[in-house]
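What follows is target.txt (compact mmCIF, C-alpha atoms).
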```
# COMPACT_ATOMS: atom_id res chain seq x y z
CA MET C 1298 0.00 0.00 0.00
CA TYR C 1299 2.83 2.38 0.87
CA ARG C 1300 5.88 3.04 -1.29
CA PHE C 1301 9.23 4.06 0.20
CA GLN C 1302 12.11 5.99 -1.29
CA THR C 1303 15.32 7.53 0.05
CA ILE C 1304 16.70 10.90 -1.03
CA SER C 1305 19.78 12.98 -0.21
CA ILE C 1306 19.76 15.79 2.36
CA GLU C 1307 20.15 18.32 -0.44
CA GLU C 1308 17.02 16.97 -2.18
CA LEU C 1309 14.97 17.47 1.00
CA LYS C 1310 15.10 21.20 0.29
CA ASN C 1311 12.70 20.71 -2.64
CA PHE C 1312 9.85 19.36 -0.50
CA GLU C 1313 7.21 21.45 1.27
CA TYR C 1314 6.20 20.22 4.71
CA ASN C 1315 5.16 21.57 8.10
CA THR C 1316 6.58 20.59 11.46
CA ASN C 1317 6.29 21.81 15.03
CA CYS C 1318 9.94 20.86 15.59
CA PRO C 1319 12.54 23.17 14.00
CA SER C 1320 15.08 20.33 14.28
CA CYS C 1321 13.13 18.56 11.51
CA ARG C 1322 13.51 21.41 9.03
CA PHE C 1323 15.88 21.08 6.09
CA GLU C 1324 17.85 24.12 7.29
CA TRP C 1325 18.56 22.50 10.65
CA ILE C 1326 19.34 19.03 9.30
CA TYR C 1327 21.60 20.35 6.54
CA SER C 1328 23.50 22.65 8.92
CA TRP C 1329 23.95 19.87 11.45
CA TYR C 1330 25.34 17.40 8.92
CA GLN C 1331 27.62 19.96 7.30
CA VAL C 1332 29.23 20.65 10.68
CA PHE C 1333 29.21 17.24 12.40
CA GLU C 1334 29.60 14.78 9.52
CA LYS C 1335 33.34 14.43 10.09
CA VAL C 1336 33.23 14.73 13.89
CA GLU C 1337 33.66 11.25 15.35
CA ASN C 1338 33.13 10.40 18.99
CA ASN C 1339 30.74 8.31 21.05
CA ILE C 1340 28.24 11.16 21.41
CA VAL C 1341 27.66 12.21 17.80
CA GLY C 1342 28.78 8.81 16.53
CA PHE C 1343 31.14 7.28 13.99
CA LYS C 1344 30.58 6.48 10.30
CA LYS C 1345 27.43 8.56 9.84
CA LYS C 1346 25.12 7.88 6.91
CA PRO C 1347 21.88 9.81 6.25
CA PHE C 1348 18.61 8.06 5.39
CA ILE C 1349 15.93 10.60 4.41
CA ILE C 1350 12.90 8.37 3.75
CA LEU C 1351 9.92 9.52 1.69
CA VAL C 1352 6.66 7.60 2.04
CA TYR C 1353 4.04 7.65 -0.73
CA LYS C 1354 0.47 6.38 -0.75
CA GLU C 1355 -1.10 6.17 -4.20
CA GLU C 1356 1.70 8.37 -5.53
CA LYS C 1357 0.91 11.08 -2.95
CA LEU C 1358 3.63 12.11 -0.50
CA THR C 1359 2.40 10.98 2.92
CA ALA C 1360 5.35 11.25 5.31
CA ILE C 1361 9.04 12.12 5.62
CA ILE C 1362 11.37 10.41 8.09
CA PRO C 1363 14.81 12.07 8.49
CA LEU C 1364 17.12 9.41 9.99
CA LEU C 1365 20.84 9.06 10.54
CA LYS C 1366 22.72 5.78 10.86
CA LEU C 1367 25.82 5.88 13.05
CA VAL C 1368 28.09 3.66 15.11
CA ARG C 1369 28.96 3.82 18.80
CA ILE C 1370 31.55 1.80 20.70
CA TYR C 1371 30.42 -0.16 23.75
CA PHE C 1372 32.60 -2.06 26.20
CA LYS C 1373 35.68 -0.42 24.59
CA PHE C 1374 35.72 -2.43 21.37
CA ILE C 1375 32.20 -3.58 20.34
CA ARG C 1376 30.78 -1.43 17.53
CA ILE C 1377 26.98 -1.16 17.64
CA SER C 1378 25.05 0.57 14.85
CA PHE C 1379 22.18 2.92 15.70
CA LEU C 1380 19.41 4.45 13.63
CA GLU C 1381 18.39 7.83 15.07
CA PHE C 1382 16.84 11.17 14.21
CA PHE C 1383 19.16 13.83 12.84
CA GLY C 1384 20.62 16.07 15.52
CA GLN C 1385 19.37 14.16 18.55
CA GLN C 1386 23.01 13.45 19.33
CA TRP C 1387 23.45 17.16 20.15
CA SER C 1388 21.27 20.25 19.68
CA SER C 1389 17.73 18.94 19.06
CA LEU C 1390 14.66 21.06 19.77
CA GLY C 1391 12.28 18.19 19.00
CA ASN C 1392 12.18 15.34 16.48
CA ASP C 1393 9.35 13.38 14.89
CA ILE C 1394 8.07 11.50 11.88
CA LEU C 1395 6.70 14.20 9.59
CA ILE C 1396 3.14 13.17 8.75
CA ILE C 1397 1.95 15.09 5.67
CA GLU C 1398 -1.24 13.14 4.91
CA GLU C 1399 -3.39 10.95 7.15
CA VAL C 1400 -1.96 7.46 7.72
CA ASP C 1401 -3.47 4.20 8.96
CA LYS C 1402 -2.16 1.35 11.12
CA LEU C 1403 -0.52 -0.31 8.12
CA PHE C 1404 1.82 2.66 7.79
CA TYR C 1405 3.88 1.77 10.86
CA ARG C 1406 3.94 -1.93 10.11
CA GLU C 1407 5.14 -1.37 6.55
CA LEU C 1408 7.59 1.34 7.60
CA ARG C 1409 9.24 -0.91 10.18
CA HIS C 1410 9.33 -3.79 7.70
CA TRP C 1411 10.94 -1.60 5.02
CA ILE C 1412 13.55 -0.23 7.43
CA ARG C 1413 14.45 -3.72 8.68
CA LYS C 1414 14.81 -4.98 5.12
CA ASN C 1415 16.70 -2.03 3.60
CA ILE C 1416 18.86 -0.59 6.39
CA SER C 1417 21.45 -2.53 8.33
CA TYR C 1418 21.39 -1.56 12.02
CA ASP C 1419 21.40 -3.06 15.51
CA ILE C 1420 19.21 -0.62 17.46
CA ILE C 1421 16.71 2.13 16.63
CA PHE C 1422 16.94 4.80 19.29
CA LEU C 1423 14.77 7.94 18.85
CA LYS C 1424 14.90 10.92 21.23
CA TYR C 1425 13.32 14.35 21.78
CA ILE C 1426 9.91 13.13 20.60
CA PRO C 1427 7.03 15.52 21.42
CA LYS C 1428 4.12 14.28 23.50
CA GLN C 1429 1.65 14.49 20.61
CA SER C 1430 3.82 12.39 18.25
CA GLU C 1431 2.30 9.72 16.04
CA LEU C 1432 5.04 7.39 17.32
CA VAL C 1433 2.96 6.80 20.44
CA LYS C 1434 0.80 4.49 18.30
CA CYS C 1435 3.60 2.01 17.65
CA PHE C 1436 6.19 2.44 20.42
CA ARG C 1437 6.26 2.72 24.17
CA LEU C 1438 7.49 6.23 24.91
CA PHE C 1439 9.82 6.89 27.84
CA HIS C 1440 10.18 10.32 29.47
CA TYR C 1441 13.39 12.04 28.38
CA SER C 1442 13.41 15.83 28.82
CA VAL C 1443 11.34 18.99 29.18
CA ALA C 1444 11.42 22.53 27.86
CA PRO C 1445 10.12 25.13 30.37
CA CYS C 1446 7.92 27.63 28.53
CA VAL C 1447 5.60 30.61 28.81
CA GLN C 1448 2.27 30.65 26.97
CA LEU C 1449 2.45 34.36 26.16
CA ASN C 1450 -0.95 34.48 24.47
CA ARG C 1451 -2.63 33.76 27.83
CA TYR C 1452 -1.84 37.30 28.98
CA GLU C 1453 -2.76 40.74 27.71
CA GLU C 1454 0.71 42.15 28.42
CA TYR C 1455 3.89 41.59 30.41
CA GLN C 1456 2.53 43.17 33.61
CA ASP C 1457 -0.36 40.68 33.70
CA PHE C 1458 2.08 37.82 33.25
CA ASN C 1459 4.36 39.20 35.97
CA LYS C 1460 1.53 39.36 38.51
CA GLU C 1461 0.04 35.96 37.67
CA VAL C 1462 3.17 33.81 37.28
CA TYR C 1463 5.97 35.32 39.38
CA SER C 1464 5.70 34.59 43.08
CA LYS C 1465 5.63 37.55 45.46
CA LYS C 1466 9.06 36.51 46.76
CA PHE C 1467 10.49 36.44 43.23
CA ARG C 1468 9.04 39.85 42.32
CA GLU C 1469 10.62 41.29 45.46
CA GLU C 1470 13.96 39.75 44.50
CA LEU C 1471 13.85 41.47 41.11
CA LYS C 1472 13.01 44.82 42.74
CA ARG C 1473 15.62 44.43 45.48
CA THR C 1474 18.48 43.68 43.07
CA ALA C 1475 17.38 46.56 40.81
CA ARG C 1476 17.58 48.93 43.80
CA LYS C 1477 21.03 47.54 44.65
CA LEU C 1478 22.22 48.38 41.12
CA ALA C 1479 20.86 51.91 41.43
CA ARG C 1480 22.53 52.47 44.82
CA GLU C 1481 25.89 51.48 43.39
CA ASN C 1482 25.45 53.74 40.33
CA LEU C 1483 25.27 50.87 37.89
CA GLU C 1484 23.00 51.83 35.01
CA TYR C 1485 21.07 48.82 33.73
CA THR C 1486 20.21 48.84 29.99
CA ILE C 1487 19.04 46.31 27.41
CA GLU C 1488 20.08 46.20 23.76
CA VAL C 1489 18.60 43.91 21.09
CA ARG C 1490 20.70 43.02 18.05
CA ALA C 1491 20.67 40.55 15.19
CA VAL C 1492 22.96 37.59 15.82
CA SER C 1493 26.19 37.75 13.83
CA LYS C 1494 29.72 36.42 14.05
CA GLU C 1495 30.85 39.83 15.31
CA ASN C 1496 28.18 39.97 18.02
CA LEU C 1497 29.04 36.47 19.21
CA LYS C 1498 32.60 37.65 19.82
CA LEU C 1499 31.22 40.13 22.36
CA ILE C 1500 29.74 37.40 24.57
CA LYS C 1501 32.37 34.66 24.52
CA HIS C 1502 34.04 35.86 27.74
CA ILE C 1503 30.63 35.83 29.46
CA SER C 1504 29.87 32.31 28.26
CA LYS C 1505 33.25 31.15 29.51
CA SER C 1506 32.36 32.27 33.03
CA LYS C 1507 29.89 29.34 33.11
CA GLU C 1508 32.88 27.13 33.87
CA ILE C 1509 32.94 28.59 37.39
CA ASP C 1510 29.64 26.76 38.02
CA GLY C 1511 30.86 23.56 36.37
CA LYS C 1512 28.99 24.16 33.11
CA SER C 1513 30.44 23.75 29.63
CA PHE C 1514 31.85 26.60 27.56
CA LEU C 1515 29.96 26.36 24.27
CA TYR C 1516 32.29 28.54 22.24
CA GLY C 1517 35.31 26.50 23.27
CA ASN C 1518 34.18 23.92 20.71
CA PHE C 1519 34.67 25.03 17.08
CA GLU C 1520 31.99 22.72 15.66
CA LYS C 1521 29.32 23.72 18.16
CA GLU C 1522 30.03 27.41 17.58
CA ALA C 1523 29.88 26.94 13.80
CA PHE C 1524 26.58 25.06 14.06
CA HIS C 1525 25.01 27.73 16.25
CA LEU C 1526 26.08 30.48 13.87
CA SER C 1527 24.61 28.55 10.95
CA ILE C 1528 21.27 28.18 12.78
CA TYR C 1529 21.16 31.89 13.58
CA GLU C 1530 21.66 32.62 9.88
CA SER C 1531 18.98 30.10 8.79
CA PHE C 1532 16.17 31.26 11.12
CA PRO C 1533 15.02 34.71 12.31
CA SER C 1534 17.29 35.29 15.31
CA GLN C 1535 18.27 37.87 17.88
CA ILE C 1536 20.59 38.46 20.79
CA ILE C 1537 19.62 40.41 23.92
CA LEU C 1538 22.55 42.13 25.60
CA LEU C 1539 22.27 43.31 29.20
CA LYS C 1540 24.69 46.12 30.01
CA LEU C 1541 25.88 47.77 33.22
CA ASN C 1542 27.41 51.18 32.47
CA ASP C 1543 27.95 50.05 28.83
CA GLU C 1544 29.71 46.83 29.87
CA ILE C 1545 28.00 43.69 28.54
CA VAL C 1546 27.41 41.41 31.53
CA ALA C 1547 24.66 39.01 30.33
CA TYR C 1548 23.07 37.83 27.11
CA SER C 1549 20.39 35.58 25.66
CA THR C 1550 20.17 34.33 22.07
CA SER C 1551 17.09 32.92 20.37
CA ILE C 1552 15.42 31.96 17.11
CA ASP C 1553 11.80 32.46 16.07
CA TRP C 1554 9.70 29.62 14.70
CA GLN C 1555 5.98 29.69 13.84
CA GLY C 1556 5.14 32.44 16.31
CA LYS C 1557 7.32 30.89 19.03
CA ARG C 1558 10.60 32.23 20.38
CA LEU C 1559 13.08 29.51 21.32
CA ALA C 1560 16.00 30.29 23.62
CA ILE C 1561 19.24 28.83 22.30
CA ASP C 1562 21.99 30.09 24.59
CA SER C 1563 22.30 32.43 27.58
CA SER C 1564 24.72 33.28 30.34
CA PHE C 1565 25.80 36.04 32.72
CA ASN C 1566 29.12 37.22 34.05
CA ARG C 1567 29.56 35.48 37.42
CA ARG C 1568 31.37 38.56 38.79
CA PHE C 1569 27.97 40.25 38.93
CA ARG C 1570 26.06 37.37 40.49
CA LYS C 1571 25.07 39.36 43.61
CA TYR C 1572 23.08 41.79 41.44
CA GLY C 1573 20.80 39.07 40.06
CA ILE C 1574 22.01 39.81 36.54
CA GLY C 1575 21.01 36.36 35.29
CA ILE C 1576 17.36 36.61 36.34
CA HIS C 1577 17.12 40.19 35.06
CA CYS C 1578 18.37 39.01 31.67
CA VAL C 1579 15.73 36.25 31.45
CA ASP C 1580 13.04 38.68 32.62
CA SER C 1581 14.10 41.12 29.87
CA PHE C 1582 14.04 38.25 27.38
CA ILE C 1583 10.40 37.60 28.30
CA ARG C 1584 9.50 41.31 28.17
CA ASN C 1585 10.96 41.52 24.68
CA ALA C 1586 8.92 38.50 23.53
CA PHE C 1587 5.75 40.30 24.69
CA ASP C 1588 6.85 43.43 22.82
CA ASP C 1589 7.35 41.39 19.64
CA LYS C 1590 3.88 39.79 19.98
CA MET C 1591 5.16 36.22 20.23
CA LYS C 1592 2.57 33.54 21.04
CA LYS C 1593 4.88 31.36 23.08
CA LEU C 1594 8.39 31.41 24.53
CA SER C 1595 10.54 28.38 25.32
CA LEU C 1596 13.53 28.61 27.66
CA GLY C 1597 15.20 25.57 26.10
CA MET C 1598 15.63 21.93 27.06
CA GLY C 1599 16.45 20.92 30.60
CA HIS C 1600 15.34 20.91 34.22
CA ASP C 1601 17.40 23.94 35.31
CA SER C 1602 15.61 25.01 38.47
CA TYR C 1603 15.88 28.77 37.87
CA LYS C 1604 13.90 28.54 34.62
CA PHE C 1605 10.71 27.40 36.31
CA ARG C 1606 10.53 30.60 38.35
CA PHE C 1607 9.58 32.31 35.08
CA CYS C 1608 7.30 29.70 33.48
CA ASP C 1609 3.65 28.74 33.48
CA ASP C 1610 4.00 25.52 31.49
CA MET C 1611 6.47 22.99 30.09
CA ASP C 1612 6.72 20.90 26.93
CA GLN C 1613 7.53 17.25 27.54
CA PHE C 1614 9.76 15.14 25.27
CA PHE C 1615 10.15 11.38 25.08
CA MET C 1616 12.31 8.59 23.66
CA CYS C 1617 11.70 5.11 22.29
CA PHE C 1618 13.68 2.18 20.88
CA ASP C 1619 13.52 -0.97 18.77
CA TYR C 1620 16.15 -3.51 17.74
CA LYS C 1621 17.09 -6.33 15.41
CA ILE C 1622 17.92 -9.64 17.00
CA SER C 1623 21.69 -9.99 16.79
CA TRP C 1624 24.44 -10.82 19.25
CA LYS C 1625 25.47 -7.14 19.34
CA SER C 1626 22.00 -5.76 20.06
CA LEU C 1627 21.30 -8.45 22.66
CA LEU C 1628 24.61 -7.69 24.35
CA ALA C 1629 23.83 -3.96 24.63
CA LEU C 1630 20.10 -4.34 25.27
CA PRO C 1631 20.21 -4.86 29.08
CA TYR C 1632 22.29 -1.71 29.54
CA ILE C 1633 20.14 0.37 27.17
CA LYS C 1634 16.87 -0.77 28.77
CA TYR C 1635 18.28 -0.09 32.23
CA ARG C 1636 19.21 3.45 31.21
CA LEU C 1637 15.82 4.01 29.54
CA ILE C 1638 13.83 2.89 32.57
CA LYS C 1639 16.07 4.74 35.04
CA THR C 1640 15.87 7.99 33.05
CA ASP C 1641 12.12 7.59 32.61
CA LYS C 1642 11.56 7.30 36.37
CA GLU C 1643 13.88 10.19 37.21
CA ILE C 1644 12.36 12.56 34.65
CA LEU C 1645 8.80 11.58 35.56
CA ALA C 1646 9.47 12.33 39.23
CA LYS C 1647 10.95 15.73 38.35
CA ASN C 1648 8.04 16.52 36.02
CA GLN C 1649 5.49 15.71 38.70
CA LYS C 1650 7.21 18.02 41.17
CA ILE C 1651 7.45 20.82 38.62
CA SER C 1652 3.83 20.36 37.50
CA ALA C 1653 2.68 20.64 41.10
CA ILE C 1654 4.51 23.96 41.54
CA ILE C 1655 3.19 25.33 38.23
CA GLU C 1656 -0.34 24.33 39.25
CA LYS C 1657 0.12 26.08 42.62
CA ASN C 1658 1.01 29.28 40.80
CA LYS C 1659 -2.08 28.92 38.61
CA GLN C 1660 -4.24 28.39 41.69
CA LYS C 1661 -2.68 31.47 43.25
CA SER C 1662 -3.69 33.49 40.20
CA ARG C 1663 -7.26 32.20 40.32
CA ILE C 1664 -7.49 32.96 44.06
CA LYS C 1665 -6.23 36.50 43.48
CA GLU C 1666 -8.86 37.02 40.77
CA ASP C 1667 -11.59 35.73 43.11
CA LEU C 1668 -10.43 38.07 45.88
CA LYS C 1669 -10.73 41.07 43.57
CA ILE C 1670 -14.47 40.60 43.33
CA LYS C 1671 -15.06 39.86 47.05
CA PRO C 1672 -16.60 42.72 49.08
CA ASN C 1673 -14.22 44.47 51.47
CA HIS C 1674 -11.38 42.41 49.95
CA GLN C 1675 -11.54 39.94 52.81
CA THR C 1676 -8.95 37.17 52.77
CA SER C 1677 -8.69 33.83 54.47
CA ASN C 1678 -6.14 33.15 57.17
CA ASN C 1679 -5.38 29.83 55.48
CA LYS C 1680 -2.78 31.02 52.99
CA THR C 1681 -1.09 28.66 50.57
CA ASN C 1682 2.67 28.82 50.28
CA ILE C 1683 3.35 29.36 46.57
CA THR C 1684 6.95 30.53 46.78
CA GLU C 1685 8.53 27.08 46.68
CA ARG C 1686 11.40 26.81 44.23
CA VAL C 1687 12.30 23.80 42.17
CA GLU C 1688 15.49 22.24 43.47
CA MET C 1689 16.90 19.37 41.41
```

Taking this structure as input, can you express it in the form of structure tokens?
Amino acid sequence: MYRFQTISIEELKNFEYNTNCPSCRFEWIYSWYQVFEKVENNIVGFKKKPFIILVYKEEKLTAIIPLLKLVRIYFKFIRISFLEFFGQQWSSLGNDILIIEEVDKLFYRELRHWIRKNISYDIIFLKYIPKQSELVKCFRLFHYSVAPCVQLNRYEEYQDFNKEVYSKKFREELKRTARKLARENLEYTIEVRAVSKENLKLIKHISKSKEIDGKSFLYGNFEKEAFHLSIYESFPSQIILLKLNDEIVAYSTSIDWQGKRLAIDSSFNRRFRKYGIGIHCVDSFIRNAFDDKMKKLSLGMGHDSYKFRFCDDMDQFFMCFDYKISWKSLLALPYIKYRLIKTDKEILAKNQKISAIIEKNKQKSRIKEDLKIKPNHQTSNNKTNITERVEM
């Protein structure tokens, strides 16, 4: 019923398709492969080979599946071949099968049969799958990551968002650190620029200060820097610079995609930690998204606790796997399943804790709205503590 065909990455440019995941776009896939094709390690893999699969039903394009075959070394010398989505090895903002026309149950059966017959691999391992993916119909999905976000279109303007989402304690922290800057004659300004190679040079020393907190220095890796620059050139992008007396002390970069603003990279100079420069930069990032009439803002993948102080929601991402029966896959399978199940439990526990705190903030907002219409503005003595922070 279905017909399958593979094409090159370059040919993918000629096809029109929609996706909620920018990592599935031709621009992203092409940039990633151009940069990382020759990079060989156990993270991005060895011996990479693209498989862009087109699926037709009655000569009508029905789906596109952008896959990458690669090899990883287990137990120091055993080479195991994986079939994965492009970019999930590093940088993904979501991956999925691209469904163009409606498909039936036979689609997945025939797709798996065709892949098994035409591609040599040991294990299929797919990551960063959105919750609403069609893959849920044929695979068990394991929790993998989240992206804290703000549904900007829920609020009339920034001030409404600030009152409804930020806890009272957090709003006071922003005001207190702003007063501290003023007392010490540090003028706080924000500048928005297009991302360019020249502008990235201005922030490298700030990014490097992440190492003080044990985080990685992105621009210390030539390939990662080149890939980021390519993405900024391929999508509408911007960089927000936070300055104190004309000295750049914090930044946030982002791309825009279908009315959403996606944070890519951010950091602050650790010398100015006591002034709350990091949280002021994220707050300015959100303000700017309201000014630009964005529908949604994502603060990027990960469970970083500070991000959830700003957010009213989170996008969840999953992973799944399949395998061919071979001595290599059976050797690696116990370890892979152990890691899948362990990660699933850990992420699920974190998500439940975060969801509870987000829901508390929503309840707080509803309570505040109810109090506005009560006569004499009477309040209950039974107050709910909504200032809890996420600590991972």

Calculate how many Å separate atom CA of Ile1583 of chain C from atom CA of Thr1316 of chain C, rounding to one decimal.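 Between atom CA of Ile1583 of chain C and atom CA of Thr1316 of chain C the gap is 24.2 Å.
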
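Each of C:Lys1477, C:Lys1344, C:Lys1428, C:Lys1657 was compared to Arg1376 of chain C using all atoms listed in the file, and C:Lys1344 turns out to be the nearest.
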
Quote the spacing between atom CA of Glu1454 of chain C and atom CA of Ile1552 of chain C in Å to one decimal place. 21.2 Å

For Glu1307 of chain C, work out the shell of residues within 10 Å, counting only C-alpha atoms and skipping chain neighbours fewer than 2 positions away, then give it as a tab-separated table (two decimals) with C-alpha atoms, in the coordinates of the input.
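Just written: out26.tsv:
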```
chain	number	residue	atom	x	y	z
C	1304	ILE	CA	16.70	10.90	-1.03
C	1305	SER	CA	19.78	12.98	-0.21
C	1309	LEU	CA	14.97	17.47	1.00
C	1310	LYS	CA	15.10	21.20	0.29
C	1311	ASN	CA	12.70	20.71	-2.64
C	1323	PHE	CA	15.88	21.08	6.09
C	1324	GLU	CA	17.85	24.12	7.29
C	1326	ILE	CA	19.34	19.03	9.30
C	1327	TYR	CA	21.60	20.35	6.54
```

So how far away is atom CA of Leu1478 of chain C from atom CA of Asp1609 of chain C, in Å?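 Atom CA of Asp1609 of chain C sits 28.1 Å away from atom CA of Leu1478 of chain C.
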
Best match for closeness to Arg1406 of chain C among C:Phe1615, C:Phe1436, C:Phe1312, C:Trp1624, counting only C-alpha atoms: C:Phe1436

With segment 1532-1536 of chain C as the partner and 10 Å as the cut-off, tabulate the residues of segment 1556-1628 of chain C that qualify, each row holding the nearest pair of atoms and their distance in Å to one decimal, using all atoms listed in the file, sorted by chain and rising number, as JSON lines.
```
{"residue": "C:Arg1558", "atom": "CA", "partner": "C:Ser1534", "partner_atom": "CA", "distance": 8.9}
{"residue": "C:Leu1559", "atom": "CA", "partner": "C:Ser1534", "partner_atom": "CA", "distance": 9.3}
{"residue": "C:Ala1560", "atom": "CA", "partner": "C:Gln1535", "partner_atom": "CA", "distance": 9.8}
{"residue": "C:Ile1561", "atom": "CA", "partner": "C:Ser1534", "partner_atom": "CA", "distance": 9.7}
{"residue": "C:Asp1562", "atom": "CA", "partner": "C:Ile1536", "partner_atom": "CA", "distance": 9.3}
{"residue": "C:Ser1563", "atom": "CA", "partner": "C:Ile1536", "partner_atom": "CA", "distance": 9.2}
{"residue": "C:Phe1582", "atom": "CA", "partner": "C:Ile1536", "partner_atom": "CA", "distance": 9.3}
```

Pick out the residues sitting within 10 Å of Phe1333 of chain C, and hand them over as a short mmCIF file (atom, residue, chain, number, x, y, z; two decimals) with C-alpha atoms, in the frame of the given file; count all atoms listed in the file, and ignore anything fewer than 4 positions along from it in its own chain.
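In the end it all went to result-v8.cif:
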```
data_model
loop_
_atom_site.label_atom_id
_atom_site.label_comp_id
_atom_site.auth_asym_id
_atom_site.auth_seq_id
_atom_site.Cartn_x
_atom_site.Cartn_y
_atom_site.Cartn_z
CA SER C 1328 23.50 22.65 8.92
CA TRP C 1329 23.95 19.87 11.45
CA GLU C 1337 33.66 11.25 15.35
CA VAL C 1341 27.66 12.21 17.80
CA GLY C 1342 28.78 8.81 16.53
CA LYS C 1345 27.43 8.56 9.84
CA GLY C 1384 20.62 16.07 15.52
CA TRP C 1387 23.45 17.16 20.15
CA GLU C 1520 31.99 22.72 15.66
CA LYS C 1521 29.32 23.72 18.16
CA ALA C 1523 29.88 26.94 13.80
CA PHE C 1524 26.58 25.06 14.06
#
```

Neighbours of Val1579 of chain C within 9 Å (only C-alpha atoms; same-chain residues fewer than 3 positions away dropped), as a VMD selection string? chain C and resid 1548 to 1549 1563 1574 to 1576 1582 to 1584 1596 1604 1607

Would you mind exporting C-alpha atoms of the selected residues as a compact mmCIF listing (two decimals), in the coordinates of the input?
```txt
# COMPACT_ATOMS: atom_id res chain seq x y z
CA TYR C 1548 23.07 37.83 27.11
CA SER C 1549 20.39 35.58 25.66
CA SER C 1563 22.30 32.43 27.58
CA ILE C 1574 22.01 39.81 36.54
CA GLY C 1575 21.01 36.36 35.29
CA ILE C 1576 17.36 36.61 36.34
CA PHE C 1582 14.04 38.25 27.38
CA ILE C 1583 10.40 37.60 28.30
CA ARG C 1584 9.50 41.31 28.17
CA LEU C 1596 13.53 28.61 27.66
CA LYS C 1604 13.90 28.54 34.62
CA PHE C 1607 9.58 32.31 35.08
```

Could you build a table of the residues in segment 1366-1440 of chain C lying no more than 7 Å from segment 1347-1360 of chain C, giving for each the nearest pair of atoms and their separation in Å rounded to one decimal place, using all atoms listed in the file, ordered by chain and ascending residue number, as a tab-separated table?
```
residue	atom	partner	partner_atom	distance
C:Lys1366	CA	C:Pro1347	CA	6.2
C:Leu1395	CA	C:Ala1360	CA	5.4
C:Ile1396	CA	C:Ala1360	CA	4.5
C:Ile1397	CA	C:Thr1359	CA	5.0
C:Glu1398	CA	C:Thr1359	CA	4.7
```

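Taking all atoms listed in the file into account, Ile1420 of chain C lies nearest to C:Phe1618 out of the set C:Phe1374, C:Phe1618, C:Tyr1485, C:Phe1519.
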
When you look at segment 1421-1424 of chain C with a cut-off of 12 Å (counting all atoms listed in the file), what residues show up, excluding the ones that are within fewer than 4 positions of it in the same chain? I need them as a PyMOL selection string. chain C and resi 1320+1362-1368+1377-1394+1409+1412-1413+1416-1417+1428+1430+1432-1433+1436-1443+1613-1622+1626+1630+1633-1634+1637
